[in-house]
>>> print(open('entry-v4.txt').read())   # compact mmCIF, C-alpha atoms
# COMPACT_ATOMS: atom_id res chain seq x y z
CA ASN U 1 -239.97 -168.76 136.54
CA ASP U 2 -237.18 -166.50 137.88
CA ALA U 3 -237.18 -168.25 141.29
CA GLN U 4 -236.10 -171.52 139.65
CA CYS U 5 -232.88 -170.01 138.29
CA LEU U 6 -229.60 -169.57 140.19
CA SER U 7 -229.09 -166.35 138.22
CA GLY U 8 -232.54 -165.19 139.33
CA THR U 9 -233.58 -164.54 135.72
CA CYS U 10 -235.57 -166.74 133.35
CA ALA U 11 -236.26 -165.50 129.81
CA ARG U 12 -236.23 -166.63 126.17
CA SER U 13 -232.89 -167.92 124.84
CA GLU U 14 -233.13 -165.57 121.85
CA ALA U 15 -235.50 -162.94 120.44
CA SER U 16 -237.99 -165.25 118.79
CA SER U 17 -241.49 -166.22 119.90
CA ASP U 18 -240.46 -169.84 119.16
CA ALA U 19 -237.39 -169.75 121.44
CA GLY U 20 -237.59 -171.65 124.70
CA TYR U 21 -237.18 -170.20 128.16
CA VAL U 22 -233.82 -170.68 129.93
CA CYS U 23 -232.08 -169.48 133.05
CA CYS U 24 -230.05 -166.45 131.93
CA THR U 25 -226.33 -166.92 132.61
CA SER U 26 -225.95 -163.14 132.36
CA GLY U 27 -228.47 -162.73 135.15
CA ASP U 28 -230.20 -160.06 133.07
CA ASP U 29 -232.91 -159.88 130.45
CA GLU U 30 -234.29 -157.34 127.97
CA TRP U 31 -237.99 -156.77 127.22
CA ILE U 32 -238.58 -157.01 123.46
CA ASN U 33 -242.35 -156.88 122.92
CA SER U 34 -245.61 -158.53 124.00
CA SER U 35 -245.18 -161.40 121.53
CA ILE U 36 -241.55 -162.31 122.33
CA LYS U 37 -241.53 -160.93 125.88
CA SER U 38 -238.11 -160.98 127.65
CA VAL U 39 -234.84 -162.33 126.23
CA CYS U 40 -231.62 -163.13 128.08
CA THR U 41 -228.87 -160.59 127.42
CA GLY U 42 -225.29 -161.53 126.53
CA ARG U 43 -226.34 -163.55 123.47
CA SER U 44 -223.63 -164.76 121.09
CA ALA U 45 -223.23 -163.96 117.40
CA GLY U 46 -225.98 -165.63 115.37
CA ALA U 47 -228.67 -165.43 118.07
CA ALA U 48 -231.93 -163.72 117.10
CA CYS U 49 -232.06 -160.20 118.58
CA ALA U 50 -235.14 -158.56 116.95
CA GLY U 51 -233.29 -155.29 116.32
CA ASP U 52 -232.33 -154.85 120.00
CA ASN U 53 -228.58 -154.27 120.49
CA ASP U 54 -228.88 -154.86 124.26
CA VAL U 55 -229.63 -158.56 123.72
CA CYS U 56 -226.20 -159.18 122.12
CA SER U 57 -222.95 -159.61 124.07
CA SER U 58 -221.23 -157.42 121.44
CA GLY U 59 -223.92 -154.73 121.72
CA VAL U 60 -224.61 -155.11 117.98
CA CYS U 61 -227.81 -156.53 116.52
CA GLY U 62 -227.37 -156.79 112.75
CA MET U 63 -229.64 -155.63 109.97
CA ASP U 64 -230.70 -159.29 109.63
CA ASN U 65 -231.83 -159.21 113.31
CA LEU U 66 -229.05 -161.57 114.40
CA CYS U 67 -226.32 -160.72 116.92
CA LYS U 68 -222.98 -159.78 115.33
CA ASP U 69 -219.44 -160.02 116.71
CA ASP U 70 -218.35 -156.60 115.49
CA LYS U 71 -219.64 -153.11 114.83
CA PHE U 72 -220.29 -152.08 111.21
CA GLU U 73 -217.72 -150.46 108.92
CA ASP U 74 -218.18 -146.98 107.41
CA GLU U 75 -220.96 -146.68 104.80
CA SER U 76 -222.60 -149.96 105.93
CA LEU U 77 -226.37 -149.90 106.34
CA CYS U 78 -227.41 -149.33 109.96
CA ARG U 79 -230.37 -148.66 112.25
CA ASN U 80 -228.65 -146.83 115.12
CA ASP U 81 -225.37 -145.32 116.36
CA ALA U 82 -224.49 -148.35 118.54
CA GLN U 83 -224.05 -150.53 115.43
CA CYS U 84 -221.31 -148.34 113.91
CA LEU U 85 -217.54 -148.23 114.46
CA SER U 86 -217.84 -144.48 113.87
CA SER U 87 -220.64 -144.33 116.51
CA THR U 88 -222.79 -142.37 114.05
CA CYS U 89 -225.67 -143.72 111.93
CA ALA U 90 -227.53 -141.20 109.73
CA ARG U 91 -228.96 -140.83 106.24
CA SER U 92 -226.45 -141.21 103.40
CA GLU U 93 -227.68 -137.94 101.87
CA ALA U 94 -230.28 -135.24 102.55
CA SER U 95 -233.31 -137.03 101.15
CA SER U 96 -236.17 -138.72 103.01
CA ASP U 97 -235.66 -141.67 100.61
CA ALA U 98 -231.96 -142.13 101.47
CA GLY U 99 -230.98 -145.10 103.60
CA TYR U 100 -229.16 -144.93 106.92
CA VAL U 101 -225.41 -145.71 106.91
CA CYS U 102 -222.52 -145.62 109.35
CA CYS U 103 -220.99 -142.17 108.82
CA ALA U 104 -217.33 -142.25 107.76
CA SER U 105 -216.96 -138.73 109.16
CA GLY U 106 -218.25 -139.86 112.56
CA ASP U 107 -220.54 -136.82 112.51
CA ASP U 108 -224.01 -135.93 111.32
CA GLU U 109 -226.07 -132.80 110.69
CA TRP U 110 -229.75 -132.38 111.62
CA ILE U 111 -231.71 -131.25 108.55
CA ASN U 112 -235.41 -131.34 109.51
CA SER U 113 -238.08 -133.64 110.97
CA SER U 114 -238.73 -135.30 107.60
CA ILE U 115 -235.12 -136.02 106.60
CA LYS U 116 -233.71 -136.09 110.14
CA SER U 117 -229.89 -136.44 110.38
CA VAL U 118 -227.47 -136.78 107.46
CA CYS U 119 -223.82 -137.87 107.53
CA THR U 120 -221.39 -135.00 107.05
CA GLY U 121 -218.44 -135.14 104.66
CA ARG U 122 -220.56 -136.16 101.68
CA SER U 123 -219.07 -136.10 98.17
CA ALA U 124 -220.04 -133.92 95.23
CA GLY U 125 -223.42 -134.95 93.85
CA ALA U 126 -224.92 -135.99 97.20
CA ALA U 127 -228.20 -134.31 98.15
CA CYS U 128 -227.57 -131.65 100.82
CA ALA U 129 -230.91 -129.79 101.19
CA GLY U 130 -229.21 -126.38 101.24
CA ASP U 131 -226.97 -127.30 104.19
CA ASN U 132 -223.26 -126.64 103.49
CA ASP U 133 -222.22 -128.67 106.56
CA VAL U 134 -223.36 -131.90 104.87
CA CYS U 135 -220.76 -131.53 102.08
CA SER U 136 -217.05 -132.37 102.40
CA SER U 137 -216.30 -129.22 100.38
CA GLY U 138 -218.53 -127.11 102.62
CA VAL U 139 -220.57 -126.10 99.55
CA CYS U 140 -224.16 -127.12 98.93
CA GLY U 141 -225.15 -125.85 95.50
CA MET U 142 -228.24 -123.97 94.40
CA ASP U 143 -229.53 -127.33 93.09
CA ASN U 144 -229.22 -128.75 96.64
CA LEU U 145 -226.37 -131.07 95.67
CA CYS U 146 -222.87 -131.02 97.15
CA LYS U 147 -220.28 -129.29 94.95
CA ASP U 148 -216.51 -129.80 94.68
CA ASP U 149 -215.65 -126.09 94.73
CA LYS U 150 -216.90 -122.72 95.90
CA PHE U 151 -218.71 -120.48 93.39
CA GLU U 152 -216.98 -117.89 91.22
CA ASP U 153 -217.87 -114.22 91.69
CA GLU U 154 -221.19 -113.19 90.15
CA SER U 155 -222.64 -116.71 90.56
CA LEU U 156 -225.99 -117.20 92.25
CA CYS U 157 -225.52 -118.05 95.92
CA ARG U 158 -227.41 -118.56 99.18
CA ASN U 159 -224.70 -117.73 101.71
CA ASP U 160 -221.11 -116.54 102.12
CA ALA U 161 -219.73 -120.09 102.57
CA GLN U 162 -220.57 -120.91 98.94
CA CYS U 163 -218.46 -118.11 97.44
CA LEU U 164 -214.73 -117.92 96.64
CA SER U 165 -214.84 -114.30 97.75
CA SER U 166 -216.65 -115.37 100.97
CA THR U 167 -219.34 -112.79 100.19
CA CYS U 168 -222.82 -113.56 98.89
CA ALA U 169 -224.89 -110.44 98.25
CA ARG U 170 -227.70 -109.23 96.05
CA SER U 171 -226.58 -108.05 92.68
CA GLU U 172 -227.53 -104.51 91.66
CA ALA U 173 -230.88 -104.17 89.93
>>> encode(input="entry-v4.txt", output="structure tokens")
Amino acid sequence: NDAQCLSGTCARSEASSDAGYVCCTSGDDEWINSSIKSVCTGRSAGAACAGDNDVCSSGVCGMDNLCKDDKFEDESLCRNDAQCLSSTCARSEASSDAGYVCCASGDDEWINSSIKSVCTGRSAGAACAGDNDVCSSGVCGMDNLCKDDKFEDESLCRNDAQCLSSTCARSEA
């Protein structure tokens, strides 16, 4: 009962339906769901957070659903931007099967509603779904994989950015 607490807030001690209710020293709580209900914010590393960054004092709920001390390094698995040092969490490559990682580039590119966002600055061989901006080289090949280099003249192309000559045009029939 909130009225019993000096802080004015009573909630679960961590994001678990088994956790007891305590007076929140932070004076604030976060609604999780109808099973867990509200949890005190400002929880220390190791406290259950049920995927909610706002429960943790660090602002980072880990992939194991426990509060972490620090944000995640580049290329670490992630659920959302708040977990990453780079402040960007997106798919590792342009595939709906690719996992989400903290983007080393700190930037992402929207692909479509199925794939969603993909980290930019991806290496040769990464799926790029026809989007040059996904690739560190700026070249997404005709096979929808990032390439190391632009295409030689007379190579098949989709757009000017793929070509050494900076011109992609229909060949004469």
>>> closest_residue(input="entry-v4.txt", among="U:Ala98, U:Cys84, U:Ile111, U:Ala104", to="Ala126 in chain U", atoms="all atoms listed in the file")
U:Ala98
>>> residues_around(input="entry-v4.txt", residues="Ser137 in chain U", least_positions_apart="6", cutoff="9 Å", atoms="only C-alpha atoms", output="VMD selection string")
chain U and resid 121 to 124 146 to 150
>>> residues_around(input="entry-v4.txt", residues="Arg79 in chain U", least_positions_apart="2", cutoff="8 Å", atoms="all atoms listed in the file", output="short mmCIF file (atom, residue, chain, number, x, y, z; two decimals) with C-alpha atoms, keeping the file's coordinate frame")
data_model
loop_
_atom_site.label_atom_id
_atom_site.label_comp_id
_atom_site.auth_asym_id
_atom_site.auth_seq_id
_atom_site.Cartn_x
_atom_site.Cartn_y
_atom_site.Cartn_z
CA MET U 63 -229.64 -155.63 109.97
CA LEU U 77 -226.37 -149.90 106.34
CA ASP U 81 -225.37 -145.32 116.36
CA GLN U 83 -224.05 -150.53 115.43
CA CYS U 89 -225.67 -143.72 111.93
CA TYR U 100 -229.16 -144.93 106.92
CA VAL U 101 -225.41 -145.71 106.91
#
>>> atom_distance(input="entry-v4.txt", atom1="CA of Ala48 in chain U", atom2="CA of Asn1 in chain U")
21.6 Å
>>> residues_around(input="entry-v4.txt", residues="Arg91 in chain U", least_positions_apart="2", cutoff="12 Å", atoms="only C-alpha atoms", output="ChimeraX atom specification")
/U:75-81,88-89,93-104,107-112,114-120,122,126-128,134
>>> residues_around(input="entry-v4.txt", residues="Asp54 in chain U", least_positions_apart="4", cutoff="10 Å", atoms="all atoms listed in the file", output="MDAnalysis selection string")
chainID U and resid 29:32 39:43 49 58:61 67 82
>>> atom_distance(input="entry-v4.txt", atom1="CA of Asp143 in chain U", atom2="CA of Asn159 in chain U")
13.8 Å
>>> closest_residue(input="entry-v4.txt", among="U:Ser44, U:Ser38, U:Asn144, U:Asn33", to="Cys10 in chain U", atoms="all atoms listed in the file")
U:Ser38
>>> atom_distance(input="entry-v4.txt", atom1="CA of Val22 in chain U", atom2="CA of Ala3 in chain U")
12.1 Å
>>> closest_residue(input="entry-v4.txt", among="U:Phe72, U:Gly138, U:Ser13, U:Ala169", to="Ser155 in chain U", atoms="all atoms listed in the file")
U:Ala169
